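**Q** Contents are CSV, C-alpha atoms and all ligand atoms; file name upload.csv:
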```
chain,number,residue,atom,x,y,z
A,22,MET,CA,0.0,0.0,0.0
A,23,GLN,CA,1.2,3.5,-0.9
A,24,GLU,CA,2.0,5.6,2.1
A,25,LYS,CA,-0.5,8.3,1.1
A,26,GLU,CA,-3.1,5.7,0.8
A,27,ARG,CA,-2.3,4.2,4.2
A,28,VAL,CA,-2.5,7.6,5.8
A,29,GLN,CA,-5.8,8.4,4.2
A,30,LYS,CA,-7.2,5.1,5.5
A,31,ILE,CA,-6.0,5.9,9.0
A,32,ILE,CA,-7.8,9.3,8.8
A,33,GLU,CA,-10.9,7.7,7.4
A,34,LEU,CA,-11.1,5.2,10.3
A,35,MET,CA,-10.5,7.9,12.8
A,36,LYS,CA,-13.3,10.1,11.2
A,37,GLN,CA,-15.7,7.2,11.8
A,38,GLU,CA,-14.5,6.6,15.3
A,39,TYR,CA,-14.4,10.3,16.4
A,40,PRO,CA,-17.1,12.1,14.4
A,41,ASP,CA,-17.2,15.0,16.9
A,42,ALA,CA,-13.4,15.6,17.1
A,43,GLY,CA,-12.8,19.3,17.4
A,44,THR,CA,-11.5,21.8,19.8
A,45,ARG,CA,-12.7,21.6,23.4
A,46,LEU,CA,-11.6,25.1,24.2
A,47,HIS,CA,-14.4,27.6,25.0
A,48,PHE,CA,-14.3,30.9,23.2
A,49,SER,CA,-16.6,33.3,21.4
A,50,ASN,CA,-14.3,35.3,19.2
A,51,SER,CA,-10.8,35.1,17.7
A,52,LEU,CA,-9.1,37.1,20.5
A,53,GLU,CA,-10.6,34.8,23.2
A,54,LEU,CA,-9.5,31.7,21.1
A,55,LEU,CA,-6.0,33.1,20.8
A,56,VAL,CA,-5.8,33.6,24.6
A,57,ALA,CA,-7.2,30.1,25.2
A,58,VAL,CA,-4.7,28.6,22.8
A,59,VAL,CA,-1.8,30.3,24.5
A,60,LEU,CA,-3.0,29.2,27.9
A,61,SER,CA,-3.4,25.6,26.7
A,62,ALA,CA,0.4,25.0,26.2
A,63,GLN,CA,1.3,22.3,28.7
A,64,SER,CA,-2.1,22.5,30.3
A,65,THR,CA,-5.3,20.6,29.7
A,66,ASP,CA,-8.2,22.2,27.9
A,67,GLU,CA,-10.3,21.5,31.0
A,68,GLN,CA,-7.9,23.6,33.1
A,69,VAL,CA,-8.1,26.4,30.6
A,70,ASN,CA,-11.9,26.3,30.4
A,71,LYS,CA,-12.0,26.7,34.2
A,72,VAL,CA,-10.1,30.0,34.2
A,73,THR,CA,-11.3,31.6,30.9
A,74,PRO,CA,-14.9,32.6,31.9
A,75,GLU,CA,-13.7,35.0,34.6
A,76,LEU,CA,-10.8,36.2,32.4
A,77,PHE,CA,-12.9,36.8,29.4
A,78,SER,CA,-15.5,38.7,31.5
A,79,ARG,CA,-12.7,41.3,32.2
A,80,PHE,CA,-12.1,42.5,28.7
A,81,ASN,CA,-13.9,43.3,25.5
A,82,SER,CA,-11.0,44.2,23.2
A,83,ALA,CA,-7.3,43.8,22.7
A,84,GLN,CA,-6.8,47.3,24.0
A,85,GLU,CA,-8.6,46.5,27.3
A,86,LEU,CA,-6.6,43.2,27.7
A,87,ALA,CA,-3.4,45.1,27.0
A,88,ALA,CA,-4.2,47.6,29.7
A,89,MET,CA,-4.9,44.9,32.3
A,90,ASP,CA,-2.6,44.9,35.3
A,91,ILE,CA,-0.1,42.0,35.0
A,92,GLU,CA,-0.7,40.8,38.7
A,93,GLU,CA,-4.5,40.8,38.0
A,94,LEU,CA,-3.9,38.7,34.9
A,95,GLU,CA,-1.6,36.3,36.8
A,96,ASP,CA,-4.3,35.9,39.5
A,97,LEU,CA,-7.0,35.1,36.9
A,98,ILE,CA,-4.9,32.4,35.2
A,99,ARG,CA,-3.2,30.9,38.2
A,100,GLY,CA,-5.0,27.6,37.6
A,101,VAL,CA,-3.0,26.8,34.5
A,102,GLY,CA,0.7,25.8,34.3
A,103,LEU,CA,3.4,28.4,33.6
A,104,TYR,CA,0.9,31.1,34.4
A,105,LYS,CA,3.5,33.9,35.0
A,106,ASN,CA,5.0,33.4,31.5
A,107,LYS,CA,1.6,33.1,30.0
A,108,ALA,CA,0.4,36.3,31.6
A,109,ARG,CA,3.4,38.2,30.1
A,110,HIS,CA,2.7,36.6,26.7
A,111,ILE,CA,-1.0,37.5,26.8
A,112,LYS,CA,-0.4,41.1,27.8
A,113,GLY,CA,2.3,41.3,25.1
A,114,LEU,CA,0.2,39.8,22.3
A,115,ALA,CA,-2.7,42.1,23.2
A,116,GLN,CA,-0.4,45.1,23.1
A,117,LYS,CA,0.9,44.1,19.7
A,118,ILE,CA,-2.6,43.4,18.3
A,119,ALA,CA,-3.8,46.7,19.6
A,120,VAL,CA,-0.9,48.7,18.2
A,121,ASN,CA,0.1,46.8,15.0
A,122,TYR,CA,-3.2,45.2,13.9
A,123,ALA,CA,-5.8,47.8,14.8
A,124,GLY,CA,-7.2,45.6,17.6
A,125,LYS,CA,-7.9,42.6,15.3
A,126,VAL,CA,-6.2,39.3,15.6
A,127,PRO,CA,-4.2,38.9,12.4
A,128,GLY,CA,-5.3,36.0,10.1
A,129,THR,CA,-2.1,34.9,8.4
A,130,PHE,CA,0.4,32.3,9.6
A,131,ASP,CA,3.4,34.7,9.5
A,132,GLU,CA,1.6,37.5,11.3
A,133,LEU,CA,0.4,35.1,14.0
A,134,LEU,CA,4.0,34.0,14.5
A,135,THR,CA,5.0,37.5,15.4
A,136,LEU,CA,2.8,37.5,18.5
A,137,PRO,CA,4.4,36.7,21.9
A,138,GLY,CA,3.7,33.2,23.0
A,139,VAL,CA,2.5,32.1,19.6
A,140,GLY,CA,4.5,29.3,18.0
A,141,ARG,CA,3.8,27.1,14.9
A,142,LYS,CA,1.3,24.9,16.8
A,143,SER,CA,-0.7,27.8,18.0
A,144,ALA,CA,-0.6,29.6,14.7
A,145,ASN,CA,-1.9,26.5,12.9
A,146,VAL,CA,-4.7,26.1,15.4
A,147,MET,CA,-5.6,29.7,15.0
A,148,LEU,CA,-5.8,29.3,11.2
A,149,SER,CA,-7.9,26.2,11.3
A,150,VAL,CA,-10.2,26.9,14.3
A,151,GLY,CA,-10.3,30.7,14.3
A,152,PHE,CA,-10.2,31.5,10.6
A,153,ASP,CA,-11.4,28.3,8.9
A,154,GLN,CA,-8.2,27.9,6.9
A,155,PRO,CA,-6.0,24.8,6.5
A,156,GLY,CA,-3.8,24.3,9.5
A,157,LEU,CA,-2.1,21.3,11.1
A,158,GLY,CA,-0.7,22.0,14.5
A,159,VAL,CA,1.6,19.4,16.1
A,160,ASP,CA,1.1,19.1,19.8
A,161,THR,CA,2.2,16.3,22.1
A,162,HIS,CA,-0.6,14.0,21.0
A,163,VAL,CA,-0.2,14.5,17.3
A,164,LYS,CA,3.6,14.0,17.7
A,165,ARG,CA,3.3,10.8,19.7
A,166,VAL,CA,0.5,9.2,17.6
A,167,THR,CA,1.9,10.0,14.2
A,168,ARG,CA,5.4,8.8,15.2
A,169,ARG,CA,4.0,5.5,16.6
A,170,LEU,CA,1.9,5.0,13.4
A,171,GLY,CA,5.1,5.5,11.4
A,172,ILE,CA,3.7,8.4,9.4
A,173,THR,CA,6.7,10.4,10.4
A,174,SER,CA,10.1,9.8,12.1
A,175,GLY,CA,10.6,13.5,12.7
A,176,LYS,CA,12.2,14.4,16.0
A,177,ASN,CA,10.8,17.8,16.4
A,178,SER,CA,7.4,19.4,15.8
A,179,THR,CA,8.5,21.4,12.8
A,180,GLN,CA,9.7,18.4,10.9
A,181,ILE,CA,6.7,16.4,11.9
A,182,GLU,CA,4.4,19.2,10.7
A,183,LYS,CA,6.3,19.2,7.3
A,184,ASP,CA,6.0,15.4,6.9
A,185,LEU,CA,2.3,15.4,7.7
A,186,LYS,CA,1.5,18.3,5.4
A,187,GLN,CA,3.2,16.4,2.6
A,188,LEU,CA,1.3,13.2,3.2
A,189,ILE,CA,-2.2,14.6,4.1
A,190,PRO,CA,-4.4,16.4,1.6
A,191,VAL,CA,-4.8,20.1,2.5
A,192,SER,CA,-8.5,19.7,2.9
A,193,LEU,CA,-7.9,17.2,5.7
A,194,TRP,CA,-5.2,19.1,7.6
A,195,SER,CA,-7.5,20.7,10.2
A,196,LYS,CA,-9.6,17.6,10.7
A,197,SER,CA,-6.6,15.3,11.0
A,198,HIS,CA,-5.1,17.5,13.8
A,199,HIS,CA,-8.2,17.0,15.9
A,200,LEU,CA,-8.5,13.3,15.0
A,201,PHE,CA,-4.9,12.5,16.1
A,202,ILE,CA,-5.5,14.3,19.4
A,203,ALA,CA,-8.8,12.4,19.9
A,204,HIS,CA,-7.0,9.1,19.3
A,205,GLY,CA,-4.1,10.1,21.5
A,206,ARG,CA,-6.4,10.9,24.4
A,207,ALA,CA,-8.7,7.9,24.0
A,208,ILE,CA,-6.4,5.0,22.9
A,209,CYS,CA,-2.8,5.8,21.9
A,210,GLN,CA,-2.0,7.2,25.3
A,211,ALA,CA,1.4,8.4,26.3
A,212,ARG,CA,2.3,5.9,29.1
A,213,LYS,CA,0.6,2.8,27.7
A,214,PRO,CA,-1.0,2.7,24.3
A,215,ARG,CA,-4.1,0.5,24.2
A,216,CYS,CA,-3.1,-1.4,21.0
A,217,GLY,CA,-5.5,-4.2,21.7
A,218,ASP,CA,-8.4,-1.8,21.5
A,219,CYS,CA,-7.1,0.2,18.6
A,220,ILE,CA,-8.9,0.5,15.3
A,221,LEU,CA,-5.6,1.5,13.6
A,222,ALA,CA,-3.6,-1.5,14.8
A,223,ALA,CA,-3.5,-3.2,11.4
A,224,LEU,CA,-2.2,0.0,9.8
A,225,CYS,CA,0.2,0.9,12.6
A,226,HIS,CA,4.0,0.4,12.2
A,227,ARG,CA,4.5,0.1,16.0
A,228,CYS,CA,1.8,-2.5,16.5
A,229,GLU,CA,0.8,-4.3,13.3
A,230,VAL,CA,-1.6,-7.2,14.1
B,1,LIG,S1,-1.8,0.3,17.4
B,1,LIG,FE1,-1.0,1.0,19.4
B,1,LIG,S2,0.7,2.4,18.9
B,1,LIG,FE2,-0.5,2.1,17.0
B,1,LIG,S3,-1.9,3.8,17.0
B,1,LIG,FE3,-3.0,2.2,18.0
B,1,LIG,S4,-2.6,2.4,20.2
B,1,LIG,FE4,-1.1,3.7,19.1
```
Give the structure from this file in structure tokens form.
**A**
Amino acid sequence: MQEKERVQKIIELMKQEYPDAGTRLHFSNSLELLVAVVLSAQSTDEQVNKVTPELFSRFNSAQELAAMDIEELEDLIRGVGLYKNKARHIKGLAQKIAVNYAGKVPGTFDELLTLPGVGRKSANVMLSVGFDQPGLGVDTHVKRVTRRLGITSGKNSTQIEKDLKQLIPVSLWSKSHHLFIAHGRAICQARKPRCGDCILAALCHRCEV
């Protein structure tokens, strides 16, 4: 079987298994999504969703967020990991959006990458979830699952992203990001993959059965 065909079969099976795969972050506009995505680094979506209702109630614009006192911001996001760094990033990105982008979250990959705290994964998520454009972010789940499946042998997220984007049709980039995450959470877990329960086992290089 050709590699592209194998990957498409994997995606097809996951689509059937996880029909509702998508972001679990709560937000109501692109600025809130951006803040939630920055908060989600090395934290669970559940932890993020606990702190964002109160945080989002404190600002209505990038200008208001930029003007927020850093200690107040830290207090509001204390429930997520690395909150001090994230508070600085959030204040910094709000300032940049207010000054450089007239208060609107920019919608291109390169512009998103100029914002504090926004790396390739976050920029890809913003494109796909926030702007309905193709994006394939590589987080810890995507990295682990795709390496185990043998879709990539890339050691870092940038290489993995490149490999995946070559093998997966553009129209499936966004969906496959969510599907790999769903599969990583449910079955192909970090400490002990549940290969015996896995719908992809026959297609998996780590665990062909
Ligand atoms: S067969 Fe095992 S290693 Fe391969 S994707 Fe499934 S759970 Fe992960």
**Q** Please tabulate, as a Markdown table, the residues of region 134-209 of chain A that come within 6 Å of region 107-126 of chain A, each with its closest pair of atoms and the distance in Å to one decimal, counting all atoms listed in the file and ordering rows by chain, then residue number upward.
**A**
```
| residue | atom | partner | partner_atom | distance |
| --- | --- | --- | --- | --- |
| A:Leu136 | CA | A:Leu114 | CA | 5.1 |
| A:Pro137 | CA | A:His110 | CA | 5.1 |
| A:Gly138 | CA | A:His110 | CA | 5.1 |
```
**Q** Let's have the selection written as a JSON list (two decimals), keeping the file's coordinate frame, with C-alpha atoms.
**A**
```
[["chain", "number", "residue", "atom", "x", "y", "z"],
["A", 136, "LEU", "CA", 2.80, 37.50, 18.50],
["A", 137, "PRO", "CA", 4.40, 36.70, 21.90],
["A", 138, "GLY", "CA", 3.70, 33.20, 23.00]]
```
**Q** So how far away is CA of Pro127 (chain A) from CA of His199 (chain A), in Å?
**A** 22.5 Å
**Q** Please report as a Markdown table every residue of chain A lying within 9 Å of ligand LIG 1 (chain B), along with the nearest atom pair and their distance in Å (one decimal), using only C-alpha atoms and all ligand atoms.
**A**
```
| residue | atom | partner | partner_atom | distance |
| --- | --- | --- | --- | --- |
| A:Arg165 | CA | B:LIG1 | FE4 | 8.4 |
| A:Val166 | CA | B:LIG1 | FE4 | 5.9 |
| A:Thr167 | CA | B:LIG1 | S3 | 7.8 |
| A:Arg168 | CA | B:LIG1 | S2 | 8.8 |
| A:Arg169 | CA | B:LIG1 | S2 | 5.1 |
| A:Leu170 | CA | B:LIG1 | FE2 | 5.2 |
| A:Gly171 | CA | B:LIG1 | FE2 | 8.6 |
| A:His204 | CA | B:LIG1 | S3 | 7.7 |
| A:Gly205 | CA | B:LIG1 | FE4 | 7.5 |
| A:Ile208 | CA | B:LIG1 | S4 | 5.3 |
| A:Cys209 | CA | B:LIG1 | S4 | 3.8 |
| A:Gln210 | CA | B:LIG1 | S4 | 7.0 |
| A:Ala211 | CA | B:LIG1 | FE4 | 9.0 |
| A:Lys213 | CA | B:LIG1 | S4 | 8.2 |
| A:Pro214 | CA | B:LIG1 | S4 | 4.4 |
| A:Arg215 | CA | B:LIG1 | S4 | 4.7 |
| A:Cys216 | CA | B:LIG1 | FE1 | 3.6 |
| A:Gly217 | CA | B:LIG1 | S1 | 7.2 |
| A:Asp218 | CA | B:LIG1 | S4 | 7.3 |
| A:Cys219 | CA | B:LIG1 | FE3 | 4.6 |
| A:Ile220 | CA | B:LIG1 | FE3 | 6.7 |
| A:Leu221 | CA | B:LIG1 | FE3 | 5.2 |
| A:Ala222 | CA | B:LIG1 | S1 | 3.6 |
| A:Ala223 | CA | B:LIG1 | S1 | 7.2 |
| A:Leu224 | CA | B:LIG1 | S1 | 7.6 |
| A:Cys225 | CA | B:LIG1 | FE2 | 4.6 |
| A:His226 | CA | B:LIG1 | FE2 | 6.8 |
| A:Arg227 | CA | B:LIG1 | S2 | 5.3 |
| A:Cys228 | CA | B:LIG1 | S1 | 4.6 |
| A:Glu229 | CA | B:LIG1 | S1 | 6.7 |
| A:Val230 | CA | B:LIG1 | S1 | 8.2 |
```
**Q** What separation in Å, quoted to one decimal, exists between CA of Ser51 (chain A) and CA of Leu188 (chain A)?
**A**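 Computing it gives 28.9 Å between the two atoms.
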**Q** What is the CA of His47 (chain A) to CA of Leu157 (chain A) distance in Å?
**A**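 Pair CA of His47 (chain A) / CA of Leu157 (chain A) returns 19.6 Å.
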**Q** Using all atoms listed in the file, determine which residues lie at most 8 Å from region 63-67 of chain A, disregarding the query and same-chain residues fewer than 6 positions distant; provide the list as a list in words.
**A** Arg45, Leu46, Val101 and Gly102 of chain A
**Q** So, with only C-alpha atoms as the atoms that count, which of A:Val159, A:Leu134, A:Leu34, A:Leu76 lies closest to His198 (chain A)?
**A**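 Distance minimum relative to His198 (chain A) lands on A:Val159.
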